[in-house]
Every structure is written in C-alpha cells, then in structure tokens.
Amino acid sequence: MTTTLITGANRGIGYETARRLVEAGQRVWIGARDAENGRKAADRLGADFVQLDVTDDASVDAAARTLRARAGHLDVLINNAGILGEVTAPENMTAGQLRHIYETNVFGLVRVTRAFLPLLRAATVPSVINVTSGLGSFTLVQDPERVESQYPLAAYGSSKSAVTMLTVQYAKAIPDVRFNAVDPGQTATEFTGLVGHSVEEGAEAVVRIATLGPDTPTGTVTDRAGVLPW
C-alpha cells in the first residue's frame with residue numbers, strides 16, 4: 001500500500017487530495033498545524049493524522065519520527081502547506097512580510113523535504129510533489145490573457161517561483177527520488193475567497209502525479225492541462 005503524507009491537508013486542496021488518495025487505496029497521513037482540525041479531517045476521511053507545523057523544526061522532526069515508528073517508510077510526500085500572507089503593493093512590501101510568507105511556502109518545504117528524505121529513501125519508488133502556482137510563472141504573469149497577470153502578488157508569486165526552481169534543482173541533485181511541481185490553478189477555496197474552479201478540479205494535477213507509481217517522472221512542472229509555462 002502506498003503511504004502518503006500531505007502537509008496542510010485539513011482543508012482546501014490538501015483535504016480534497018487526501019480524500020481522493022484514500023479513495024484510491026493509499027494510506028494517507030494528514031499533516032496539520034492545528035491538531036484538533038487535523039484529527040477531525042483525518043477521522044472524516046479514514047486517514048491518519050500527524051501534527052506538523054512546517055515552520056517549526058521540532059514539529060517537523062517529531063512528525064518524521066512518528067511516521068518512522070508507525071509506517072517505516074514514505075512513498076509520496078506532498079508539500080501542500082502554503083499561505084497567501086499579507087497582500088501589499090510591491091512598493092510598500094517589507095522584508096518582514098516577505099519573510100513571513102517564505103517561512104511557510106519556501107523554507108517550510110525545504111525543512112519538511114530534508115526531514116523526510118530518509119523515509120522516502122526507504123520506499124521503492126519515492127516521490128515528492130510540491131504545490132506551486134502559475135503566479136510564480138514568469139510567462140503567465142506577463143500574459144494579459146491569463147488570470148495570473150491580474151494579481152500583483154509579489155511576495156506570494158515569488159515564493160512560488162522559488163518552489164518551482166527548488167523542485168527542478170532537487171530533481172537534478174537527487175535522482176533516487178522523483179520531484180515534481182504541480183499548479184492547482186485558481187481554485188475556489190478560502191485561500192482565494194472562493195474564486196476559481198472547483199476544488200475537485202484543483203486537486204487533479206496533484207492526484208495524477210501521486211498515483212503514477214513506477215511511472216512517476218521527475219523534474220516536471222505541470223497543471224491539469226499539461227506543462228506549466230516557465
């Protein structure tokens with residue numbers, strides 16, 4: 001049975017991804033900062049729960065120890081946790097505002113990936129899926145026909161550019177683990193103010209990669225329509 005950990009999975013795209021993967025027969029671990037909400041989400045889905053705050057070293061290390069003791073390995077890690085942060089015009093943006101967003105979206109991804117690499121390497125076909133965004137695509141944010149060009153989210157967008165680049169660099173440097181980035185697109189969740197396509201559509205790109213097994217590629221950046229322009 002495939003064992004999968006999803007960070008930030010107690011709601012939104014992470015929750016829908018967990019639901020779909022449980023349905024597909026995977027053993028899914030819901031990682032959430034809020035223990036009460038995380039346990040409730042896991043119970044509803046028939047998943048496992050582990051408390052995991054991606055911004056906290058001790059929390060991440062404790063989660064890795066829990067999975068080592070109870071699962072022994074990790075087949076798929078989905079770095080889904082992310083925040084929008086304070087929306088500020090670029091000219092008014094402070095380093096502190098940027099740091100706050102990067103702490104979750106970028107540094108959290110690095111922290112979790114590093115902590116779980118030994119468990120991933122204990123699996124047969126280990127895979128890491130990083131949730132990125134078209135708002136981090138240089139091509140899309142300059143295309144007036146695309147919705148990504150309408151949002152001047154310098155902090156969030158640049159954090160997702162970093163996620164995409166980190167994914168590609170991990171894929172090049174760590175050939176025994178498959179690394180891929182996926183963009184859910186503008187999805188109607190609390191995160192977007194319920195604007196966009198359905199959460200079911202938003203989860204499609206993640207679920208597709210998470211269920212490829214031995215056919216999982218590495219170094220790709222996609223959305224549900226195909227290759228995401230860089």
# chains A, B, ... in the order shown; residues from 1 in each chain; ligands from 1
>>> closest_atom_pairs(of="range 38-142 of chain A", to="range 200-214 of chain A", cutoff="10 Å", atoms="only C-alpha atoms", output="JSON lines")
{"residue": "A:Asp75", "atom": "CA", "partner": "A:Gly213", "partner_atom": "CA", "distance": 8.9}
{"residue": "A:Val76", "atom": "CA", "partner": "A:Ala210", "partner_atom": "CA", "distance": 6.8}
{"residue": "A:Leu77", "atom": "CA", "partner": "A:Ala210", "partner_atom": "CA", "distance": 8.8}
{"residue": "A:Ile78", "atom": "CA", "partner": "A:Val206", "partner_atom": "CA", "distance": 8.2}
{"residue": "A:Asn80", "atom": "CA", "partner": "A:Val206", "partner_atom": "CA", "distance": 9.4}
{"residue": "A:Thr124", "atom": "CA", "partner": "A:Pro214", "partner_atom": "CA", "distance": 8.7}
{"residue": "A:Val125", "atom": "CA", "partner": "A:Pro214", "partner_atom": "CA", "distance": 6.1}
{"residue": "A:Pro126", "atom": "CA", "partner": "A:Gly213", "partner_atom": "CA", "distance": 8.6}
{"residue": "A:Ser127", "atom": "CA", "partner": "A:Ala210", "partner_atom": "CA", "distance": 7.7}
{"residue": "A:Val128", "atom": "CA", "partner": "A:Ala210", "partner_atom": "CA", "distance": 8.6}
{"residue": "A:Ile129", "atom": "CA", "partner": "A:Val206", "partner_atom": "CA", "distance": 7.2}
{"residue": "A:Asn130", "atom": "CA", "partner": "A:Val206", "partner_atom": "CA", "distance": 8.7}
{"residue": "A:Val131", "atom": "CA", "partner": "A:Val206", "partner_atom": "CA", "distance": 7.7}
>>> residues_around(residues="Glu36 in chain A", least_positions_apart="4", cutoff="10 Å", atoms="only C-alpha atoms", output="PyMOL selection string")
chain A and resi 10+32+40-41+51
>>> residues_around(residues="Val60 in chain A", least_positions_apart="3", cutoff="9 Å", atoms="only C-alpha atoms", output="VMD selection string")
chain A and resid 51 to 57 63 to 65 111 to 112 115 to 116
>>> write_last_selection(atoms="N, CA, C and O atoms", output="compact mmCIF listing (two decimals), in the first residue's frame")
# COMPACT_ATOMS: atom_id res chain seq x y z
N GLN A 51 0.58 15.76 13.77
CA GLN A 51 0.71 17.20 13.97
C GLN A 51 1.99 17.66 13.29
O GLN A 51 3.06 17.07 13.48
N LEU A 52 1.90 18.69 12.47
CA LEU A 52 3.05 19.11 11.69
C LEU A 52 2.93 20.59 11.34
O LEU A 52 2.06 21.00 10.58
N ASP A 53 3.79 21.38 11.94
CA ASP A 53 3.90 22.81 11.63
C ASP A 53 5.16 22.98 10.80
O ASP A 53 6.28 22.84 11.32
N VAL A 54 5.01 23.28 9.52
CA VAL A 54 6.17 23.31 8.62
C VAL A 54 7.15 24.42 8.96
O VAL A 54 8.28 24.42 8.46
N THR A 55 6.75 25.37 9.79
CA THR A 55 7.65 26.47 10.16
C THR A 55 8.47 26.16 11.40
O THR A 55 9.27 26.99 11.83
N ASP A 56 8.28 24.98 11.97
CA ASP A 56 8.91 24.65 13.25
C ASP A 56 9.75 23.37 13.14
O ASP A 56 9.21 22.30 12.86
N ASP A 57 11.04 23.49 13.35
CA ASP A 57 11.95 22.35 13.24
C ASP A 57 11.54 21.18 14.13
O ASP A 57 11.52 20.03 13.70
N ALA A 63 7.23 14.81 13.65
CA ALA A 63 6.35 14.15 12.67
C ALA A 63 7.11 13.06 11.92
O ALA A 63 6.58 11.98 11.67
N ALA A 64 8.36 13.34 11.57
CA ALA A 64 9.18 12.33 10.88
C ALA A 64 9.40 11.12 11.77
O ALA A 64 9.35 9.97 11.30
N ARG A 65 9.62 11.34 13.07
CA ARG A 65 9.79 10.21 14.00
C ARG A 65 8.51 9.40 14.11
O ARG A 65 8.55 8.16 14.18
N ARG A 111 12.45 22.44 4.83
CA ARG A 111 12.54 21.80 6.15
C ARG A 111 11.89 20.42 6.13
O ARG A 111 12.46 19.44 6.61
N VAL A 112 10.70 20.33 5.56
CA VAL A 112 9.96 19.06 5.52
C VAL A 112 10.66 18.06 4.60
O VAL A 112 10.82 16.88 4.95
N ALA A 115 13.75 16.61 6.28
CA ALA A 115 13.45 15.71 7.40
C ALA A 115 12.92 14.36 6.94
O ALA A 115 13.18 13.33 7.58
N PHE A 116 12.20 14.35 5.82
CA PHE A 116 11.56 13.11 5.38
C PHE A 116 12.33 12.36 4.30
O PHE A 116 11.92 11.27 3.90
>>> select_by_dssp(residues="range 5-209 of chain A", states="helix (DSSP H, G or I)", output="count of residues only")
111
>>> atom_distance(atom1="CA of Gly134 in chain A", atom2="CA of Gly96 in chain A")
23.8 Å
>>> select_by_dssp(residues="range 76-178 of chain A", states="strand (DSSP E or B)", output="PyMOL selection string")
chain A and resi 76-79+127-131+178
>>> closest_residue(among="A:Val50, A:Leu228, A:Ala35, A:Ala69", to="Thr139 in chain A", atoms="only C-alpha atoms")
A:Leu228
>>> residues_around(residues="Gly72 in chain A", least_positions_apart="3", cutoff="12 Å", atoms="only C-alpha atoms", output="VMD selection string")
chain A and resid 2 to 4 64 to 69 75 116 118 to 123
>>> closest_residue(among="A:Glu23, A:Glu148, A:Asp215, A:Asp143", to="Arg178 in chain A", atoms="only C-alpha atoms")
A:Asp215
>>> closest_atom_pairs(of="range 43-102 of chain A", to="range 153-166 of chain A", cutoff="12 Å", atoms="only C-alpha atoms", output="tab-separated table")
residue	atom	partner	partner_atom	distance
A:Asn79	CA	A:Val163	CA	9.8
A:Asn80	CA	A:Val163	CA	10.9
A:Ala81	CA	A:Val163	CA	11.8
A:Gly82	CA	A:Tyr156	CA	9.3
A:Ile83	CA	A:Tyr156	CA	7.9
A:Leu84	CA	A:Tyr156	CA	5.9
A:Gly85	CA	A:Tyr156	CA	7.3
A:Glu86	CA	A:Ala155	CA	8.7
A:Val87	CA	A:Leu153	CA	6.7
A:Thr88	CA	A:Leu153	CA	7.5
A:Ala89	CA	A:Leu153	CA	7.6
A:Pro90	CA	A:Ala154	CA	6.1
A:Glu91	CA	A:Ala154	CA	9.8
A:Asn92	CA	A:Ala154	CA	10.7
A:Met93	CA	A:Ala155	CA	8.0
A:Thr94	CA	A:Ala155	CA	9.6
A:Ala95	CA	A:Ala155	CA	9.6
A:Gly96	CA	A:Ala155	CA	10.6
A:Gln97	CA	A:Ala155	CA	7.8
A:Leu98	CA	A:Ala155	CA	5.5
A:Arg99	CA	A:Ala155	CA	8.8
A:His100	CA	A:Ala155	CA	9.4
A:Ile101	CA	A:Tyr156	CA	6.7
A:Tyr102	CA	A:Ser159	CA	6.0
